[in-house]
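Below: model.txt (compact mmCIF, C-alpha atoms)
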```txt
# COMPACT_ATOMS: atom_id res chain seq x y z
CA MET A 18 130.92 85.06 91.88
CA GLY A 19 129.37 85.29 95.31
CA LEU A 20 125.84 85.59 96.62
CA ASP A 21 124.80 87.45 99.72
CA ARG A 22 121.45 87.38 101.49
CA VAL A 23 119.63 90.45 102.75
CA SER A 24 116.26 91.08 104.37
CA VAL A 25 113.62 93.42 102.99
CA ALA A 26 110.54 94.65 104.83
CA GLY A 27 107.68 93.45 102.65
CA PRO A 28 104.01 94.42 102.90
CA ALA A 29 103.17 91.18 104.77
CA GLY A 30 106.45 90.62 106.62
CA ARG A 31 110.11 89.88 106.09
CA LEU A 32 111.30 88.99 102.59
CA SER A 33 114.58 87.13 102.19
CA VAL A 34 116.57 88.13 99.11
CA VAL A 35 119.78 86.80 97.55
CA ARG A 36 121.87 88.85 95.16
CA THR A 37 125.16 88.61 93.33
CA THR A 38 128.11 90.48 94.77
CA GLY A 39 130.72 92.55 92.98
CA ASP A 40 130.50 95.28 90.38
CA ARG A 41 128.57 94.07 87.34
CA PRO A 42 127.33 96.24 84.45
CA GLY A 43 123.80 96.51 83.11
CA ASN A 44 120.27 96.57 84.45
CA PRO A 45 119.76 93.83 87.03
CA LEU A 46 117.91 90.61 86.34
CA LEU A 47 115.35 89.72 89.00
CA LEU A 48 114.45 86.03 89.12
CA ILE A 49 111.18 84.74 90.61
CA HIS A 50 110.93 81.10 91.64
CA PRO A 51 108.07 78.66 91.07
CA ILE A 52 105.60 78.23 93.92
CA ASN A 53 106.65 75.94 96.73
CA SER A 54 110.33 76.40 95.95
CA ALA A 55 112.65 79.30 96.78
CA ALA A 56 115.34 81.59 95.39
CA VAL A 57 117.94 78.81 95.69
CA VAL A 58 116.58 77.15 92.53
CA TRP A 59 118.13 80.02 90.54
CA ALA A 60 121.62 79.89 92.13
CA ASP A 61 123.25 77.83 89.36
CA VAL A 62 121.73 80.05 86.65
CA ALA A 63 122.87 83.22 88.44
CA ALA A 64 126.43 81.88 88.54
CA LEU A 65 126.51 81.72 84.72
CA LEU A 66 125.32 85.28 84.08
CA ASP A 67 127.41 88.43 83.79
CA ARG A 68 125.03 91.08 85.11
CA PRO A 69 123.63 91.82 88.57
CA VAL A 70 121.15 89.12 89.61
CA VAL A 71 118.60 89.31 92.42
CA ALA A 72 116.26 86.53 93.55
CA LEU A 73 113.73 86.64 96.37
CA ASP A 74 111.91 84.10 98.48
CA LEU A 75 108.27 85.03 97.93
CA ARG A 76 105.99 85.25 100.96
CA GLY A 77 105.25 81.79 102.33
CA HIS A 78 108.49 80.43 100.85
CA GLY A 79 112.10 79.92 101.88
CA ASP A 80 113.28 82.23 104.65
CA SER A 81 110.53 84.83 104.09
CA GLY A 82 107.51 85.39 106.33
CA GLN A 83 104.53 83.10 106.00
CA ALA A 84 101.62 85.56 106.04
CA GLY A 85 99.29 85.71 103.01
CA PRO A 86 97.48 86.50 100.86
CA PHE A 87 99.17 84.12 98.41
CA THR A 88 97.74 85.74 95.29
CA VAL A 89 99.43 87.36 92.32
CA GLU A 90 98.11 90.92 92.33
CA GLU A 91 97.47 91.39 96.07
CA GLY A 92 100.41 89.38 97.39
CA TYR A 93 103.33 88.49 95.19
CA VAL A 94 103.52 91.58 92.95
CA PRO A 95 103.70 93.87 96.02
CA ASP A 96 106.49 91.64 97.39
CA VAL A 97 108.56 92.10 94.24
CA LEU A 98 107.94 95.85 94.22
CA ALA A 99 109.11 96.06 97.84
CA VAL A 100 112.36 94.36 96.85
CA LEU A 101 112.88 96.69 93.89
CA ASP A 102 112.17 99.79 95.96
CA THR A 103 114.27 98.78 98.96
CA LEU A 104 117.28 97.82 96.83
CA GLY A 105 116.94 100.95 94.67
CA LEU A 106 116.29 99.03 91.44
CA ASP A 107 114.39 101.37 89.14
CA ARG A 108 114.16 99.08 86.14
CA VAL A 109 114.92 95.38 85.83
CA HIS A 110 114.74 92.43 83.51
CA LEU A 111 112.45 89.73 84.91
CA GLY A 112 112.83 85.97 84.71
CA GLY A 113 110.23 83.67 86.25
CA GLY A 114 109.60 79.96 86.58
CA SER A 115 106.03 78.66 86.59
CA LEU A 116 103.97 81.07 88.74
CA GLY A 117 107.10 83.23 88.92
CA GLY A 118 106.58 83.91 85.22
CA THR A 119 102.92 84.69 85.82
CA ILE A 120 103.96 87.17 88.51
CA SER A 121 106.51 88.68 86.10
CA VAL A 122 103.87 89.27 83.43
CA ALA A 123 101.50 90.80 86.00
CA LEU A 124 104.23 93.13 87.27
CA ALA A 125 105.06 94.20 83.72
CA ALA A 126 101.37 94.91 83.06
CA LEU A 127 100.81 96.89 86.24
CA HIS A 128 104.17 98.70 86.45
CA PRO A 129 105.57 98.75 82.90
CA ARG A 130 108.18 101.44 83.56
CA ARG A 131 109.90 99.13 86.04
CA VAL A 132 110.35 96.26 83.55
CA ALA A 133 112.79 96.06 80.64
CA SER A 134 111.96 92.50 79.53
CA VAL A 135 110.24 89.32 80.71
CA THR A 136 111.40 85.73 80.24
CA THR A 137 109.12 82.96 81.52
CA PHE A 138 109.84 79.25 81.94
CA GLY A 139 106.94 76.80 82.18
CA SER A 140 104.46 79.56 82.93
CA THR A 141 100.82 80.27 82.23
CA LEU A 142 98.23 83.02 82.28
CA GLY A 143 95.99 80.61 84.22
CA THR A 144 96.00 76.84 84.60
CA GLY A 145 92.25 76.33 84.63
CA VAL A 146 92.64 73.57 87.21
CA PRO A 147 89.22 72.96 88.82
CA ALA A 148 88.67 73.40 92.55
CA GLU A 149 88.16 69.65 93.03
CA ALA A 150 91.61 68.90 91.63
CA ILE A 151 93.22 71.49 93.89
CA GLY A 152 91.37 69.91 96.80
CA ALA A 153 92.83 66.51 95.86
CA MET A 154 96.34 67.99 95.91
CA VAL A 155 95.72 69.37 99.39
CA THR A 156 94.39 66.03 100.63
CA GLU A 157 97.55 64.30 99.40
CA LEU A 158 99.70 67.05 100.94
CA GLU A 159 98.03 66.60 104.31
CA ALA A 160 98.55 62.83 104.15
CA LYS A 161 102.23 62.95 103.17
CA GLY A 162 103.41 66.17 104.83
CA THR A 163 105.21 68.97 103.01
CA ALA A 164 108.59 67.26 102.52
CA GLY A 165 107.07 63.92 101.51
CA TYR A 166 104.55 65.43 99.12
CA PHE A 167 107.18 67.31 97.12
CA ALA A 168 109.73 64.49 97.26
CA ASP A 169 107.17 62.40 95.39
CA LEU A 170 106.07 65.22 93.10
CA VAL A 171 109.43 66.44 91.76
CA PRO A 172 110.31 63.31 89.71
CA ALA A 173 106.85 63.45 88.14
CA ILE A 174 107.20 67.02 86.85
CA VAL A 175 110.73 67.00 85.40
CA GLY A 176 111.74 65.57 82.04
CA ARG A 177 112.38 61.84 81.78
CA ALA A 178 116.14 62.30 81.54
CA HIS A 179 116.25 64.25 84.81
CA ARG A 180 114.13 62.06 87.09
CA ASP A 181 117.13 60.44 88.77
CA SER A 182 119.08 63.69 89.26
CA ALA A 183 120.44 63.88 92.81
CA ARG A 184 121.18 67.58 92.32
CA ILE A 185 117.55 68.39 91.51
CA ARG A 186 116.32 66.37 94.48
CA GLU A 187 118.75 68.11 96.84
CA VAL A 188 118.02 71.65 95.65
CA MET A 189 114.27 71.11 95.69
CA ALA A 190 114.36 69.57 99.17
CA GLU A 191 116.17 72.67 100.40
CA ALA A 192 113.79 74.96 98.50
CA VAL A 193 110.62 73.24 99.70
CA GLY A 194 111.72 73.08 103.32
CA THR A 195 109.40 71.96 106.11
CA ARG A 196 106.73 74.65 105.97
CA PRO A 197 103.38 73.97 107.64
CA GLU A 198 100.93 72.09 105.43
CA THR A 199 98.32 74.79 106.05
CA VAL A 200 100.56 77.44 104.48
CA VAL A 201 101.40 75.21 101.51
CA ALA A 202 97.71 74.43 101.00
CA ASP A 203 96.86 78.13 100.86
CA ILE A 204 99.70 78.64 98.36
CA LEU A 205 98.37 75.83 96.16
CA HIS A 206 94.87 77.31 96.15
CA GLY A 207 96.21 80.76 95.28
CA ALA A 208 98.51 79.55 92.50
CA PHE A 209 96.24 77.08 90.73
CA GLY A 210 93.32 79.48 91.05
CA ALA A 211 95.26 82.40 89.53
CA ASP A 212 94.31 83.89 86.17
CA ILE A 213 95.92 87.04 84.73
CA ARG A 214 94.47 86.99 81.24
CA HIS A 215 92.90 90.39 81.92
CA LEU A 216 96.41 91.87 82.30
CA ALA A 217 98.28 90.34 79.36
CA GLY A 218 97.20 92.92 76.79
CA LYS A 219 98.76 95.70 78.85
CA VAL A 220 102.18 94.10 78.39
CA ALA A 221 101.71 94.01 74.63
CA ALA A 222 100.55 97.64 74.63
CA ALA A 223 103.62 98.69 76.60
CA GLY A 224 105.91 96.98 74.10
CA ILE A 225 107.80 95.02 76.76
CA PRO A 226 109.64 92.10 75.09
CA VAL A 227 108.42 88.71 76.33
CA LEU A 228 109.97 85.30 75.73
CA ALA A 229 107.85 82.37 76.94
CA VAL A 230 109.83 79.13 77.20
CA ALA A 231 108.34 75.70 77.89
CA GLY A 232 109.78 72.24 78.28
CA ASP A 233 108.20 69.82 75.84
CA GLU A 234 107.84 67.28 78.69
CA ASP A 235 106.24 69.71 81.16
CA PRO A 236 103.06 68.08 82.53
CA THR A 237 102.09 71.06 84.70
CA CYS A 238 102.30 73.96 82.24
CA PRO A 239 102.72 72.39 78.80
CA PRO A 240 103.94 74.34 75.75
CA ALA A 241 100.42 75.37 74.71
CA MET A 242 100.23 77.55 77.84
CA SER A 243 103.46 79.32 76.95
CA ARG A 244 102.26 79.84 73.39
CA GLU A 245 99.08 81.45 74.72
CA LEU A 246 101.13 83.65 77.06
CA ALA A 247 103.41 84.74 74.22
CA GLU A 248 100.52 85.52 71.87
CA ALA A 249 98.60 87.52 74.49
CA THR A 250 101.64 89.62 75.44
CA GLY A 251 102.94 90.15 71.91
CA GLY A 252 105.93 87.97 72.69
CA THR A 253 107.71 84.90 71.35
CA ALA A 254 107.40 81.26 72.41
CA ALA A 255 110.20 78.69 72.53
CA GLU A 256 110.52 75.05 73.60
CA LEU A 257 113.22 73.07 75.36
CA ALA A 258 113.43 69.45 74.22
CA GLY A 259 113.46 66.74 76.88
CA THR A 260 112.71 69.24 79.63
CA GLY A 261 109.95 69.32 82.22
CA HIS A 262 108.66 71.92 84.66
CA LEU A 263 111.97 72.92 86.30
CA PRO A 264 114.21 74.00 83.42
CA MET A 265 116.38 76.19 85.66
CA LEU A 266 117.52 72.96 87.34
CA GLU A 267 117.19 70.56 84.41
CA GLU A 268 118.87 72.64 81.68
CA THR A 269 120.73 75.31 83.63
CA GLU A 270 123.15 76.38 80.91
CA ARG A 271 120.43 76.56 78.27
CA VAL A 272 118.25 78.65 80.57
CA ALA A 273 121.16 81.02 81.21
CA ASP A 274 121.74 81.28 77.45
CA LEU A 275 118.08 82.06 76.77
CA LEU A 276 118.04 84.76 79.45
CA ARG A 277 121.26 86.25 78.12
CA GLN A 278 120.02 86.26 74.54
CA HIS A 279 116.58 87.68 75.30
CA ILE A 280 118.00 90.45 77.49
CA ALA A 281 120.51 91.32 74.77
CA SER A 282 117.80 91.46 72.12
CA ALA A 283 115.65 93.66 74.37
CA GLY A 284 118.48 96.07 75.06
CA GLU A 285 118.62 97.77 78.43
CA GLY A 286 115.04 98.92 77.90
CA GLN A 287 115.49 102.48 79.10
CA PRO A 288 112.18 104.37 79.35
```

Exercise: express the given structure as structure tokens:
Amino acid sequence: MGLDRVSVAGPAGRLSVVRTTGDRPGNPLLLIHPINSAAVVWADVAALLDRPVVALDLRGHGDSGQAGPFTVEEGYVPDVLAVLDTLGLDRVHLGGGSLGGTISVALAALHPRRVASVTTFGSTLGTGVPAEAIGAMVTELEAKGTAGYFADLVPAIVGRAHRDSARIREVMAEAVGTRPETVVADILHGAFGADIRHLAGKVAAAGIPVLAVAGDEDPTCPPAMSRELAEATGGTAAELAGTGHLPMLEETERVADLLRQHIASAGEGQP
């Protein structure tokens, strides 16, 4: 399986997109990365799947443009729609990690005919992190720089068994990159200040199948947040033992299996 990279004109600038090559059957799966990472975190999962897979670098991330706003409804959802429209993808399955799952739920709520199913990993409807705590993150970011801040953070958010993984460190270093601290700070404010509880009921009303998966060692979005997301969207919650906040890198095969199973149970979701 190969991956190629294409550019899409997004509402705030260039969006960089990777996609599988070759002729694959079925509705595509679009994967949305956690904040302050990039599409590359999904590469190993994509290699294990047997349907078309697309993953984008959201605005402010990876090889995409760095203009905001870095908010769910005004920023990231329009980015994903631009990718769907430009690539001619009428209806997709969505998979999202952390805020990528939040974005997936929001997209399903606002544009239900475009979404066949949603699978989230370590996601939340809203973290409830207070402004002072976000400010402390930004202060630490400014002191350490982008690369240093995330090099220290990654071992603290994965499961205990994965803290010494060279593969996770390497992929996340590539995904984080060397973006300006000002951009990363704006992204942190937008992500930890996000709350989409007002949208969740629309997903349930549309009948879109949702699977909300959480690692039982996730300190950022613990299982209770996935249970709330599942209940509010009429979906199902599941846990991954010994896993933290980056299951697509920690338990790649299990994540691929969960995506495969949930998509199969949802069917192709034709309107």

Expressed in Å to a single decimal, how great is the separation between CA of Pro264 (chain A) and CA of Ala183 (chain A)?
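These two atoms are separated by 15.1 Å.
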
Find the residues around Ser282 (chain A) up to 12 Å (only C-alpha atoms counted), leave out those fewer than 2 positions away in its own chain, and share them as a VMD selection string.
chain A and resid 110 133 to 136 225 to 228 275 to 280 284 to 286

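Among the candidate residues A:Arg196, A:Arg180, A:Arg22, A:His128, the one lying nearest to Gly82 (chain A) is A:Arg196, with distances computed using all atoms listed in the file.
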
Please write as an MDAnalysis selection string the list of polymer residues whose atoms come within 12 Å of (103.1, 87.4, 70.5), counting all atoms listed in the file and keeping to the coordinates of the file.
chainID A and resid 217:218 220:222 224:229 243:255

With all atoms listed in the file as the counted atoms, please give the residues lying no more than 10 Å from Asp61 (chain A), apart from itself and same-chain residues fewer than 4 positions off, as a list in words.
Val57, Leu65, Leu66, Met265, Leu266, Thr269, Glu270 and Ala273 of chain A

Which residue of A:Ala202, A:Lys161, A:Arg108, A:Val94 approaches Leu127 (chain A) most closely, using only C-alpha atoms:
A:Val94

Under the rule that only C-alpha atoms are counted, which of A:Leu20, A:Val109, A:Ala126, A:Ala173 is the nearest residue to Ala64 (chain A)?
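Residue with the minimum atom-to-atom distance to Ala64 (chain A): A:Leu20.
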
So what do you get for CA of Gly152 (chain A) versus CA of Pro86 (chain A), distance-wise?
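Rounded to one decimal, the two atoms are 18.1 Å apart.
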
Around the point (101.1, 86.3, 97.5), in the coordinates given by the file, pick out the residues reaching within 12 Å, counting all atoms listed in the file, and return them as a PyMOL selection string.
chain A and resi 27-30+32+52-53+74-78+81-97+116-117+119-120+200-201+203-208+211

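In this model, the gap between CA of Glu256 (chain A) and CA of Ala192 (chain A) comes to 25.1 Å.
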
Would you compute, for all listed atoms of region 217-234 of chain A, the axis-aligned bounding box grown by 3 Å on each side, and then report its centre and edge lengths in Å rounded to one decimal, as JSON?
```
{"center_x": 103.6, "center_y": 83.0, "center_z": 76.7, "size_x": 18.8, "size_y": 37.4, "size_z": 11.3}
```

From the list A:Val58, A:Ala148, A:Leu46, A:Val272, which residue is nearest Asp107 (chain A) when using all atoms listed in the file?
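Distance minimum relative to Asp107 (chain A) lands on A:Leu46.
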